[in-house]
Structures are given as structure tokens and as C-alpha cells.
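Coordinates from target-v8.json are shown below (JSON, C-alpha atoms).
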```
[["chain", "number", "residue", "atom", "x", "y", "z"],
["A", 1, "MET", "CA", -66.44, 205.47, 17.22],
["A", 2, "VAL", "CA", -65.16, 201.93, 17.07],
["A", 3, "PRO", "CA", -61.62, 201.13, 18.17],
["A", 4, "ILE", "CA", -59.55, 199.64, 15.35],
["A", 5, "ALA", "CA", -58.54, 196.89, 17.78],
["A", 6, "TYR", "CA", -62.12, 195.51, 17.67],
["A", 7, "TYR", "CA", -61.85, 195.03, 13.93],
["A", 8, "LEU", "CA", -58.52, 193.27, 14.39],
["A", 9, "VAL", "CA", -59.99, 190.99, 17.07],
["A", 10, "LEU", "CA", -62.87, 190.10, 14.74],
["A", 11, "SER", "CA", -60.32, 189.41, 12.02],
["A", 12, "ALA", "CA", -58.35, 187.15, 14.39],
["A", 13, "LEU", "CA", -61.56, 185.33, 15.31],
["A", 14, "LEU", "CA", -62.47, 184.74, 11.67],
["A", 15, "PHE", "CA", -58.95, 183.57, 10.89],
["A", 16, "SER", "CA", -58.96, 181.15, 13.83],
["A", 17, "ILE", "CA", -62.35, 179.72, 12.84],
["A", 18, "GLY", "CA", -61.05, 179.35, 9.28],
["A", 19, "ALA", "CA", -57.91, 177.57, 10.44],
["A", 20, "GLY", "CA", -59.96, 175.30, 12.72],
["A", 21, "ALA", "CA", -62.37, 174.46, 9.91],
["A", 22, "PHE", "CA", -59.40, 173.76, 7.64],
["A", 23, "LEU", "CA", -58.14, 171.17, 10.11],
["A", 24, "ILE", "CA", -61.44, 169.64, 11.22],
["A", 25, "LYS", "CA", -63.52, 169.51, 8.05],
["A", 26, "ARG", "CA", -63.25, 166.37, 5.93],
["A", 27, "ASN", "CA", -65.08, 167.47, 2.82],
["A", 28, "ILE", "CA", -62.61, 168.91, 0.31],
["A", 29, "ILE", "CA", -65.02, 171.67, -0.77],
["A", 30, "THR", "CA", -65.52, 172.83, 2.82],
["A", 31, "VAL", "CA", -61.75, 172.79, 3.37],
["A", 32, "PHE", "CA", -61.43, 175.03, 0.33],
["A", 33, "MET", "CA", -64.15, 177.35, 1.67],
["A", 34, "SER", "CA", -62.31, 177.71, 4.97],
["A", 35, "ILE", "CA", -59.26, 178.92, 3.01],
["A", 36, "GLU", "CA", -61.51, 181.61, 1.53],
["A", 37, "LEU", "CA", -62.65, 182.49, 5.07],
["A", 38, "MET", "CA", -59.02, 182.95, 6.16],
["A", 39, "LEU", "CA", -58.34, 185.17, 3.13],
["A", 40, "ASN", "CA", -61.37, 187.29, 4.08],
["A", 41, "ALA", "CA", -60.14, 187.62, 7.67],
["A", 42, "VAL", "CA", -56.77, 188.89, 6.47],
["A", 43, "ASN", "CA", -58.54, 191.30, 4.10],
["A", 44, "LEU", "CA", -60.45, 192.77, 7.04],
["A", 45, "SER", "CA", -57.25, 193.45, 8.95],
["A", 46, "PHE", "CA", -55.72, 194.99, 5.80],
["A", 47, "VAL", "CA", -58.66, 197.39, 5.50],
["A", 48, "ALA", "CA", -58.52, 198.23, 9.21],
["A", 49, "PHE", "CA", -54.81, 199.03, 9.06],
["A", 50, "ALA", "CA", -55.30, 201.01, 5.85],
["A", 51, "TYR", "CA", -57.85, 203.12, 7.71],
["A", 52, "GLN", "CA", -55.59, 203.48, 10.73],
["A", 53, "TRP", "CA", -52.57, 204.77, 8.81],
["A", 54, "HIS", "CA", -54.46, 206.50, 5.98],
["A", 55, "ALA", "CA", -52.58, 204.23, 3.60],
["A", 56, "ILE", "CA", -54.57, 203.74, 0.40],
["A", 57, "ARG", "CA", -52.19, 200.98, -0.67],
["A", 58, "GLY", "CA", -53.65, 198.71, 1.98],
["A", 59, "GLN", "CA", -56.94, 198.80, 0.12],
["A", 60, "ILE", "CA", -55.14, 198.16, -3.18],
["A", 61, "PHE", "CA", -53.59, 195.10, -1.58],
["A", 62, "VAL", "CA", -57.05, 193.80, -0.64],
["A", 63, "PHE", "CA", -58.10, 194.29, -4.24],
["A", 64, "PHE", "CA", -55.21, 192.14, -5.45],
["A", 65, "VAL", "CA", -55.97, 189.50, -2.83],
["A", 66, "MET", "CA", -59.54, 189.36, -4.14],
["A", 67, "VAL", "CA", -58.30, 188.93, -7.72],
["A", 68, "VAL", "CA", -55.93, 186.14, -6.75],
["A", 69, "ALA", "CA", -58.66, 184.48, -4.66],
["A", 70, "ALA", "CA", -60.99, 184.51, -7.66],
["A", 71, "ALA", "CA", -58.34, 182.88, -9.86],
["A", 72, "GLU", "CA", -57.54, 180.38, -7.09],
["A", 73, "ALA", "CA", -61.22, 179.47, -6.64],
["A", 74, "ALA", "CA", -61.66, 178.81, -10.34],
["A", 75, "VAL", "CA", -58.58, 176.57, -10.60],
["A", 76, "GLY", "CA", -59.19, 174.87, -7.24],
["A", 77, "LEU", "CA", -62.78, 173.96, -8.04],
["A", 78, "ALA", "CA", -61.68, 172.60, -11.43],
["A", 79, "ILE", "CA", -59.12, 170.43, -9.61],
["A", 80, "ILE", "CA", -61.85, 169.25, -7.22],
["A", 81, "ILE", "CA", -64.06, 168.27, -10.16],
["A", 82, "ALA", "CA", -61.15, 166.37, -11.73],
["A", 83, "VAL", "CA", -60.40, 164.60, -8.43],
["A", 84, "TYR", "CA", -64.05, 163.63, -8.03],
["A", 85, "ARG", "CA", -64.09, 162.18, -11.56],
["A", 86, "THR", "CA", -61.17, 159.86, -10.82],
["A", 87, "ARG", "CA", -61.84, 158.94, -7.16],
["A", 88, "ASN", "CA", -65.63, 159.30, -6.79],
["A", 89, "THR", "CA", -65.20, 160.75, -3.32],
["A", 90, "LEU", "CA", -64.80, 164.18, -1.72],
["A", 91, "ASN", "CA", -63.42, 162.94, 1.60],
["A", 92, "VAL", "CA", -59.84, 164.14, 2.05],
["A", 93, "ASP", "CA", -58.92, 161.00, 4.02],
["A", 94, "GLN", "CA", -59.57, 158.90, 0.93],
["A", 95, "ILE", "CA", -57.63, 161.22, -1.38],
["A", 96, "ASP", "CA", -54.20, 160.58, 0.12],
["A", 97, "LEU", "CA", -52.40, 158.87, -2.75],
["A", 98, "MET", "CA", -50.65, 160.70, -5.56],
["A", 99, "LYS", "CA", -51.27, 157.79, -7.91],
["A", 100, "LEU", "CA", -54.34, 155.65, -8.40],
["B", 1, "MET", "CA", -74.21, 204.44, 15.37],
["B", 2, "GLN", "CA", -71.04, 202.92, 14.05],
["B", 3, "LEU", "CA", -70.57, 200.80, 17.16],
["B", 4, "VAL", "CA", -74.08, 199.42, 16.72],
["B", 5, "LEU", "CA", -73.34, 198.61, 13.07],
["B", 6, "PHE", "CA", -70.08, 196.95, 14.07],
["B", 7, "PHE", "CA", -71.70, 194.77, 16.72],
["B", 8, "ILE", "CA", -74.63, 193.76, 14.52],
["B", 9, "PHE", "CA", -72.56, 192.82, 11.49],
["B", 10, "GLY", "CA", -69.49, 191.63, 13.38],
["B", 11, "GLY", "CA", -71.73, 189.35, 15.44],
["B", 12, "LEU", "CA", -73.48, 188.12, 12.31],
["B", 13, "CYS", "CA", -70.08, 187.50, 10.74],
["B", 14, "ALA", "CA", -68.77, 185.51, 13.72],
["B", 15, "ALA", "CA", -72.02, 183.53, 14.07],
["B", 16, "ALA", "CA", -72.04, 182.60, 10.38],
["B", 17, "ALA", "CA", -68.37, 181.60, 10.54],
["B", 18, "LEU", "CA", -69.13, 179.34, 13.52],
["B", 19, "ASN", "CA", -72.05, 177.89, 11.56],
["B", 20, "LEU", "CA", -69.63, 177.10, 8.73],
["B", 21, "LEU", "CA", -67.48, 175.21, 11.21],
["B", 22, "LEU", "CA", -70.31, 173.33, 12.91],
["B", 23, "THR", "CA", -72.67, 172.24, 10.13],
["B", 24, "ARG", "CA", -72.06, 168.96, 8.37],
["B", 25, "HIS", "CA", -73.54, 169.70, 4.98],
["B", 26, "PRO", "CA", -71.35, 171.66, 2.50],
["B", 27, "ILE", "CA", -74.27, 173.68, 1.11],
["B", 28, "ASN", "CA", -74.99, 175.06, 4.61],
["B", 29, "SER", "CA", -71.32, 175.98, 4.93],
["B", 30, "ALA", "CA", -71.43, 177.75, 1.55],
["B", 31, "LEU", "CA", -74.54, 179.74, 2.46],
["B", 32, "SER", "CA", -73.09, 180.82, 5.81],
["B", 33, "LEU", "CA", -69.88, 181.86, 4.02],
["B", 34, "ILE", "CA", -72.04, 184.14, 1.85],
["B", 35, "VAL", "CA", -73.41, 185.72, 5.06],
["B", 36, "VAL", "CA", -69.84, 186.20, 6.34],
["B", 37, "MET", "CA", -68.72, 187.90, 3.13],
["B", 38, "THR", "CA", -71.74, 190.18, 2.84],
["B", 39, "SER", "CA", -71.47, 191.38, 6.44],
["B", 40, "LEU", "CA", -67.75, 191.94, 5.90],
["B", 41, "ALA", "CA", -68.75, 194.25, 3.04],
["B", 42, "VAL", "CA", -70.77, 196.34, 5.52],
["B", 43, "LEU", "CA", -67.75, 196.45, 7.85],
["B", 44, "TYR", "CA", -65.62, 197.69, 4.93],
["B", 45, "LEU", "CA", -68.16, 200.47, 4.44],
["B", 46, "THR", "CA", -67.75, 201.55, 8.07],
["B", 47, "LEU", "CA", -63.98, 201.65, 7.47],
["B", 48, "GLY", "CA", -64.38, 204.00, 4.52],
["B", 49, "ALA", "CA", -63.63, 201.48, 1.78],
["B", 50, "GLU", "CA", -66.65, 201.81, -0.52],
["B", 51, "PHE", "CA", -64.94, 200.36, -3.58],
["B", 52, "LEU", "CA", -63.83, 197.29, -1.65],
["B", 53, "ALA", "CA", -67.32, 196.83, -0.20],
["B", 54, "ALA", "CA", -68.79, 196.80, -3.70],
["B", 55, "ALA", "CA", -66.02, 194.51, -4.96],
["B", 56, "GLN", "CA", -66.56, 192.20, -1.99],
["B", 57, "VAL", "CA", -70.24, 191.81, -2.80],
["B", 58, "ILE", "CA", -69.69, 191.41, -6.55],
["B", 59, "VAL", "CA", -66.54, 189.26, -6.56],
["B", 60, "TYR", "CA", -66.78, 187.23, -3.36],
["B", 61, "SER", "CA", -70.44, 186.78, -2.52],
["B", 62, "GLY", "CA", -71.37, 187.02, -6.17],
["B", 63, "ALA", "CA", -68.87, 185.25, -8.38],
["B", 64, "ILE", "CA", -66.82, 183.01, -6.10],
["B", 65, "MET", "CA", -69.67, 181.71, -3.95],
["B", 66, "VAL", "CA", -71.86, 181.04, -7.00],
["B", 67, "LEU", "CA", -68.98, 178.93, -8.29],
["B", 68, "PHE", "CA", -68.81, 177.08, -4.96],
["B", 69, "THR", "CA", -72.54, 176.36, -4.76],
["B", 70, "PHE", "CA", -72.49, 175.31, -8.41],
["B", 71, "VAL", "CA", -69.71, 172.80, -7.77],
["B", 72, "ILE", "CA", -71.43, 171.49, -4.62],
["B", 73, "MET", "CA", -74.61, 170.88, -6.60],
["B", 74, "LEU", "CA", -72.72, 169.46, -9.59],
["B", 75, "LEU", "CA", -70.84, 166.92, -7.48],
["B", 76, "ASN", "CA", -73.94, 166.19, -5.36],
["B", 77, "ALA", "CA", -71.90, 166.52, -2.18],
["B", 78, "GLY", "CA", -73.67, 164.95, 0.78],
["B", 79, "GLU", "CA", -73.05, 165.19, 4.51],
["B", 80, "GLU", "CA", -69.46, 164.59, 5.46],
["B", 81, "VAL", "CA", -68.52, 161.50, 7.42],
["B", 82, "ARG", "CA", -66.37, 161.64, 10.52],
["B", 83, "THR", "CA", -63.21, 159.56, 10.18],
["B", 84, "ARG", "CA", -60.12, 158.81, 12.21],
["B", 85, "GLY", "CA", -58.19, 161.68, 10.73],
["B", 86, "SER", "CA", -60.69, 164.26, 11.88],
["B", 87, "ARG", "CA", -60.49, 163.13, 15.51],
["B", 88, "ALA", "CA", -56.73, 163.71, 15.49],
["B", 89, "ALA", "CA", -57.39, 167.10, 13.93],
["B", 90, "TYR", "CA", -59.77, 167.89, 16.81],
["B", 91, "LEU", "CA", -57.16, 166.97, 19.42],
["B", 92, "VAL", "CA", -54.36, 168.98, 17.83],
["B", 93, "GLY", "CA", -56.23, 171.68, 15.96],
["B", 94, "VAL", "CA", -58.73, 173.04, 18.47],
["B", 95, "PRO", "CA", -56.21, 173.85, 21.26],
["B", 96, "GLY", "CA", -53.74, 175.26, 18.75],
["B", 97, "VAL", "CA", -56.35, 177.48, 17.12],
["B", 98, "ALA", "CA", -57.67, 178.61, 20.53],
["B", 99, "ALA", "CA", -54.12, 179.49, 21.58],
["B", 100, "LEU", "CA", -53.58, 181.44, 18.35],
["B", 101, "PHE", "CA", -56.82, 183.37, 18.85],
["B", 102, "SER", "CA", -56.05, 184.13, 22.50],
["B", 103, "LEU", "CA", -52.56, 185.36, 21.65],
["B", 104, "LEU", "CA", -53.75, 187.61, 18.83],
["B", 105, "THR", "CA", -56.62, 189.00, 20.92],
["B", 106, "PHE", "CA", -54.28, 189.70, 23.83],
["B", 107, "VAL", "CA", -51.85, 191.55, 21.57],
["B", 108, "PHE", "CA", -54.56, 193.60, 19.84],
["B", 109, "LEU", "CA", -56.39, 194.56, 23.02],
["B", 110, "SER", "CA", -53.25, 195.41, 24.97],
["B", 111, "GLN", "CA", -51.93, 197.54, 22.10],
["B", 112, "GLY", "CA", -55.38, 198.98, 21.41],
["B", 113, "ASN", "CA", -54.46, 202.37, 22.86],
["B", 114, "HIS", "CA", -51.79, 202.87, 20.21],
["B", 115, "LEU", "CA", -54.28, 202.13, 17.49],
["B", 116, "GLY", "CA", -56.87, 204.76, 16.72],
["B", 117, "LYS", "CA", -60.63, 204.73, 16.50],
["B", 118, "SER", "CA", -62.62, 204.57, 13.34],
["B", 119, "THR", "CA", -65.29, 207.15, 12.61],
["B", 120, "LEU", "CA", -67.63, 207.29, 9.65],
["B", 121, "ALA", "CA", -65.63, 210.20, 8.21],
["B", 122, "ASN", "CA", -64.03, 208.92, 5.04],
["B", 123, "PRO", "CA", -60.29, 209.53, 4.70],
["B", 124, "ALA", "CA", -59.80, 208.07, 1.24],
["B", 125, "THR", "CA", -61.91, 208.76, -1.80],
["B", 126, "LEU", "CA", -62.39, 206.65, -4.88],
["B", 127, "TYR", "CA", -60.31, 209.22, -6.73],
["B", 128, "ASP", "CA", -57.24, 208.50, -4.56],
["B", 129, "LEU", "CA", -57.75, 204.78, -4.97],
["B", 130, "SER", "CA", -58.00, 204.90, -8.74],
["B", 131, "ALA", "CA", -55.03, 207.28, -8.96],
["B", 132, "VAL", "CA", -52.86, 204.70, -7.22],
["B", 133, "LEU", "CA", -54.37, 201.72, -9.03],
["B", 134, "PHE", "CA", -54.31, 203.06, -12.56],
["B", 135, "ARG", "CA", -51.21, 205.25, -12.44],
["B", 136, "ASP", "CA", -48.64, 203.95, -9.96],
["B", 137, "LEU", "CA", -49.63, 200.29, -10.05],
["B", 138, "LEU", "CA", -50.80, 200.01, -13.65],
["B", 139, "LEU", "CA", -48.45, 197.13, -14.54],
["B", 140, "PRO", "CA", -49.54, 194.87, -11.62],
["B", 141, "PHE", "CA", -53.15, 195.68, -12.46],
["B", 142, "GLU", "CA", -52.68, 194.56, -16.05],
["B", 143, "VAL", "CA", -50.76, 191.48, -14.94],
["B", 144, "THR", "CA", -53.75, 190.39, -12.82],
["B", 145, "SER", "CA", -55.93, 190.35, -15.93],
["B", 146, "VAL", "CA", -53.44, 188.00, -17.58],
["B", 147, "LEU", "CA", -53.45, 185.90, -14.40],
["B", 148, "ILE", "CA", -57.24, 185.58, -14.49],
["B", 149, "LEU", "CA", -57.15, 184.66, -18.17],
["B", 150, "ILE", "CA", -54.59, 181.91, -17.51],
["B", 151, "ALA", "CA", -56.63, 180.71, -14.51],
["B", 152, "ILE", "CA", -59.77, 180.43, -16.63],
["B", 153, "LEU", "CA", -57.90, 178.51, -19.34],
["B", 154, "GLY", "CA", -56.41, 176.23, -16.69],
["B", 155, "ALA", "CA", -59.82, 175.63, -15.11],
["B", 156, "VAL", "CA", -61.33, 174.71, -18.47],
["B", 157, "ALA", "CA", -58.42, 172.39, -19.27],
["B", 158, "LEU", "CA", -58.65, 170.69, -15.84],
["B", 159, "ALA", "CA", -62.40, 170.25, -15.69],
["B", 160, "ARG", "CA", -62.89, 169.07, -19.26],
["B", 161, "LYS", "CA", -63.78, 165.44, -19.77],
["B", 162, "GLU", "CA", -60.95, 163.46, -21.29],
["B", 163, "HIS", "CA", -61.70, 161.59, -24.50]]
```

Now that the file is in, can you turn its structure into C-alpha cells?
Amino acid sequence: MVPIAYYLVLSALLFSIGAGAFLIKRNIITVFMSIELMLNAVNLSFVAFAYQWHAIRGQIFVFFVMVVAAAEAAVGLAIIIAVYRTRNTLNVDQIDLMKL
Amino acid sequence: MQLVLFFIFGGLCAAAALNLLLTRHPINSALSLIVVMTSLAVLYLTLGAEFLAAAQVIVYSGAIMVLFTFVIMLLNAGEEVRTRGSRAAYLVGVPGVAALFSLLTFVFLSQGNHLGKSTLANPATLYDLSAVLFRDLLLPFEVTSVLILIAILGAVALARKEH
């Protein structure tokens, strides 16, 4: 017997750590990974609420979030590779110009 | 039983997420993110979402994180350097994130009585899930396959060397 609130608190903790890592980290790959961490945190709260209200559509929503995250990861990492080819750096502070 | 599982894997999850935040090398962050995702799969199992637990392991800790580690190794990403921007992010970000976490935790714990408890009894079966996914939501499901196809084409077009 675990209260649903514990799952939600864990989800809030993961989301906060993800948001903090998004702000603090300077490597563009790690920034991207912290976005994935935030998506996972939201997925956990979706599953917890789906359990709470016996709503199967909450789980379907998590499935679609996973699909979109997979597509996003593929495109995002391709963009990172393209950025690294032109700038030779992964530090977000040095990638602050739209034009070379 | 379930409480023990929750505390083991929830603690593992939180510790690995903190490790992601605190380590400097991207490969360590990627490996701790794999730990986070795999322990989240166990938590999904305790919430009666077997399909999502399997999909979490296959899609997230399998496909997506392999892609991440591959890109980290391809780009030979070293330890990150601290710069001026990150100090400002510390000053603004850490209190803001702590406030967000405190607010959410306060709301969840004070409203915890209205939420129920989770037992290992499974309310939803795979049959219910597939009935919704393949009957009611068939069009969105098919659209996601087109989305993934376009994403793969876009990734190939972006990452290809220009001649």
C-alpha cells in the first residue's frame, strides 16, 4: 500500500532536478538529457493519476509522450551533431549566435 | 512489499537523478539517466502499467539512451567547463527550482488524503489498453508512425555531411 501522493512527490522531485540541470548544465547534450528527465517525471505522474482514477487513457498519453520523445531525441541529436560540425564546441555559452 | 519496492526504486531514481545533476562528465550523466529510466519502469509495474514498463525499458533505456551515448562518444564530449553563465543560473535556478519542488510537495502531501493508495492489484489489463489504442485512438496511433518516419528523415538530412 503506497499512497499515490508519494509517487507524485517523487515525480515533482525528478522534475525539479531536471529543471535545475537544464539551467545549470553547460554541455548541450546534458541539457538535452535533462529535458528527457523532465519528460520522464511527467510520465510518472500521468501513470499515477491513471491508476488513481482507473483511466486507461492516462497510460495511452504516456505512450504518445514516449513516441514524441523518441522522435525529438533523434532530431535533437542530429541538430547537436550539425552544431558541433560548424562550431567545434558543445558549450551552450559559445553557441549563442544565430549566424557564424 | 510494495512500499519496500517503492522506497528502493524511488530512492535509486532520486539518487541517480542527483548524480546526473552533480557529475561533470556527460557519459556519467547518460549512465545515471539509464538508471533513472529503468527504476521508473519498476515503479510503473507497481502502478499496474506492464505495457508502459516494457515500453519504458525498450524505448527509453534501450533506444533513446543508446542514441545519447552514441552521440557522446561520436562527438568525444569531455568534462564541461564552468563559465559565467552557469553561475548566474545557479543564483537564479536553484532557489526557483527548490521553491517549485517545495510548493508541489506541499500540495501533494496536503491533498494526499483525497488521493488513494496503490496496491499491487491491477485495475487495467493489456486488453483494455489495446482496445483503446487500436480502436478509439487508431488515427493518432497511425499519425505517430508518420511522425517517427519524418523525424528519422529529418535526422538523416541534418546529420549528413554537406558536400

- One decimal place gives the atom CA of Ser118 of chain B-atom CA of Met1 of chain A separation as 5.5 Å

- Could you write out as a PyMOL selection string the residues of chain B within 6 Å of chain A, counting all atoms listed in the file? chain B and resi 3+21+26+80+86+89+97+101+105+108+112+116-119+148+151+155+158-159

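Relative to atom CA of Ala41 of chain B, atom CA of Leu5 of chain B is found at 11.9 Å.
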
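Using all atoms listed in the file, the shortest contact distance between Leu47 of chain B and any of B:Phe134, B:Phe6, B:Phe141, B:Tyr90 is found at B:Phe6.
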
- Contacts of Ala15 of chain B at 12 Å or less, counting only C-alpha atoms, minus same-chain residues fewer than 3 places along, as a ChimeraX atom specification? /A:10,13-14,17 /B:7-12,18-23,29,32-33,35-36,39

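The coordinates place atom CA of Ile27 of chain B at 8.2 Å from atom CA of Met73 of chain B.
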
Give me the box for segment 50-55 of chain A as lines of an AutoDock Vina configuration file, namely the centre and edge lengths in Å to one decimal of a box along x, y and z that holds every listed atom plus 8 Å on each side.
```
center_x = -55.2
center_y = 203.8
center_z = 7.2
size_x = 21.3
size_y = 21.5
size_z = 23.1
```

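Candidate residues A:Ser45, A:Met38, A:Thr86, A:Gly58 were compared for distance to Leu129 of chain B, and the nearest is A:Gly58, using all atoms listed in the file.
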
Just want the 9 Å neighbourhood of Leu45 of chain B, counted on all atoms listed in the file, with same-chain residues fewer than 6 positions away dropped. Output as a PDB file with C-alpha atoms, in the coordinates of the input.
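Ended up saving to around.pdb:
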```pdb
ATOM      1  CA  PHE B  51     -64.940 200.360  -3.580  1.00  0.00           C
ATOM      2  CA  LEU B  52     -63.830 197.290  -1.650  1.00  0.00           C
ATOM      3  CA  ALA B  53     -67.320 196.830  -0.200  1.00  0.00           C
ATOM      4  CA  ALA B  54     -68.790 196.800  -3.700  1.00  0.00           C
ATOM      5  CA  LEU B 120     -67.630 207.290   9.650  1.00  0.00           C
TER       6      LEU B 120
END
```

Pull segment 125-144 of chain B out of the block and emit N, CA and C atoms, as a PDB file, in the first residue's frame.
```pdb
ATOM      1  N   THR B 125      -6.040  -4.071 -17.731  1.00  0.00           N
ATOM      2  CA  THR B 125      -5.298  -5.132 -18.404  1.00  0.00           C
ATOM      3  C   THR B 125      -4.798  -4.640 -19.748  1.00  0.00           C
ATOM      4  N   LEU B 126      -3.937  -5.430 -20.341  1.00  0.00           N
ATOM      5  CA  LEU B 126      -3.400  -5.090 -21.655  1.00  0.00           C
ATOM      6  C   LEU B 126      -4.515  -5.060 -22.694  1.00  0.00           C
ATOM      7  N   TYR B 127      -5.555  -5.878 -22.429  1.00  0.00           N
ATOM      8  CA  TYR B 127      -6.685  -5.915 -23.368  1.00  0.00           C
ATOM      9  C   TYR B 127      -7.385  -4.552 -23.421  1.00  0.00           C
ATOM     10  N   ASP B 128      -7.623  -3.958 -22.250  1.00  0.00           N
ATOM     11  CA  ASP B 128      -8.262  -2.632 -22.210  1.00  0.00           C
ATOM     12  C   ASP B 128      -7.414  -1.599 -22.949  1.00  0.00           C
ATOM     13  N   LEU B 129      -6.102  -1.679 -22.662  1.00  0.00           N
ATOM     14  CA  LEU B 129      -5.186  -0.708 -23.263  1.00  0.00           C
ATOM     15  C   LEU B 129      -5.211  -0.805 -24.787  1.00  0.00           C
ATOM     16  N   SER B 130      -5.122  -2.049 -25.285  1.00  0.00           N
ATOM     17  CA  SER B 130      -5.072  -2.176 -26.744  1.00  0.00           C
ATOM     18  C   SER B 130      -6.420  -1.858 -27.371  1.00  0.00           C
ATOM     19  N   ALA B 131      -7.524  -2.100 -26.628  1.00  0.00           N
ATOM     20  CA  ALA B 131      -8.830  -1.739 -27.172  1.00  0.00           C
ATOM     21  C   ALA B 131      -8.927  -0.237 -27.392  1.00  0.00           C
ATOM     22  N   VAL B 132      -8.403   0.547 -26.430  1.00  0.00           N
ATOM     23  CA  VAL B 132      -8.435   2.000 -26.603  1.00  0.00           C
ATOM     24  C   VAL B 132      -7.469   2.422 -27.705  1.00  0.00           C
ATOM     25  N   LEU B 133      -6.257   1.828 -27.678  1.00  0.00           N
ATOM     26  CA  LEU B 133      -5.204   2.301 -28.576  1.00  0.00           C
ATOM     27  C   LEU B 133      -5.503   1.954 -30.029  1.00  0.00           C
ATOM     28  N   PHE B 134      -6.031   0.759 -30.266  1.00  0.00           N
ATOM     29  CA  PHE B 134      -6.194   0.334 -31.654  1.00  0.00           C
ATOM     30  C   PHE B 134      -7.611   0.491 -32.180  1.00  0.00           C
ATOM     31  N   ARG B 135      -8.558   0.878 -31.319  1.00  0.00           N
ATOM     32  CA  ARG B 135      -9.911   1.098 -31.825  1.00  0.00           C
ATOM     33  C   ARG B 135     -10.286   2.575 -31.751  1.00  0.00           C
ATOM     34  N   ASP B 136     -10.275   3.136 -30.526  1.00  0.00           N
ATOM     35  CA  ASP B 136     -10.729   4.520 -30.379  1.00  0.00           C
ATOM     36  C   ASP B 136      -9.701   5.509 -30.895  1.00  0.00           C
ATOM     37  N   LEU B 137      -8.421   5.202 -30.656  1.00  0.00           N
ATOM     38  CA  LEU B 137      -7.372   6.164 -30.996  1.00  0.00           C
ATOM     39  C   LEU B 137      -6.501   5.643 -32.124  1.00  0.00           C
ATOM     40  N   LEU B 138      -7.132   4.983 -33.105  1.00  0.00           N
ATOM     41  CA  LEU B 138      -6.337   4.384 -34.181  1.00  0.00           C
ATOM     42  C   LEU B 138      -5.665   5.450 -35.035  1.00  0.00           C
ATOM     43  N   LEU B 139      -6.385   6.534 -35.339  1.00  0.00           N
ATOM     44  CA  LEU B 139      -5.814   7.576 -36.202  1.00  0.00           C
ATOM     45  C   LEU B 139      -4.589   8.240 -35.561  1.00  0.00           C
ATOM     46  N   PRO B 140      -4.667   8.688 -34.278  1.00  0.00           N
ATOM     47  CA  PRO B 140      -3.448   9.230 -33.665  1.00  0.00           C
ATOM     48  C   PRO B 140      -2.304   8.241 -33.645  1.00  0.00           C
ATOM     49  N   PHE B 141      -2.621   6.961 -33.426  1.00  0.00           N
ATOM     50  CA  PHE B 141      -1.571   5.941 -33.404  1.00  0.00           C
ATOM     51  C   PHE B 141      -0.871   5.846 -34.750  1.00  0.00           C
ATOM     52  N   GLU B 142      -1.663   5.899 -35.829  1.00  0.00           N
ATOM     53  CA  GLU B 142      -1.043   5.830 -37.153  1.00  0.00           C
ATOM     54  C   GLU B 142      -0.276   7.098 -37.463  1.00  0.00           C
ATOM     55  N   VAL B 143      -0.787   8.239 -36.972  1.00  0.00           N
ATOM     56  CA  VAL B 143      -0.098   9.506 -37.230  1.00  0.00           C
ATOM     57  C   VAL B 143       1.282   9.508 -36.571  1.00  0.00           C
ATOM     58  N   THR B 144       1.399   8.860 -35.382  1.00  0.00           N
ATOM     59  CA  THR B 144       2.713   8.828 -34.727  1.00  0.00           C
ATOM     60  C   THR B 144       3.737   8.081 -35.572  1.00  0.00           C
TER      61      THR B 144
END
```
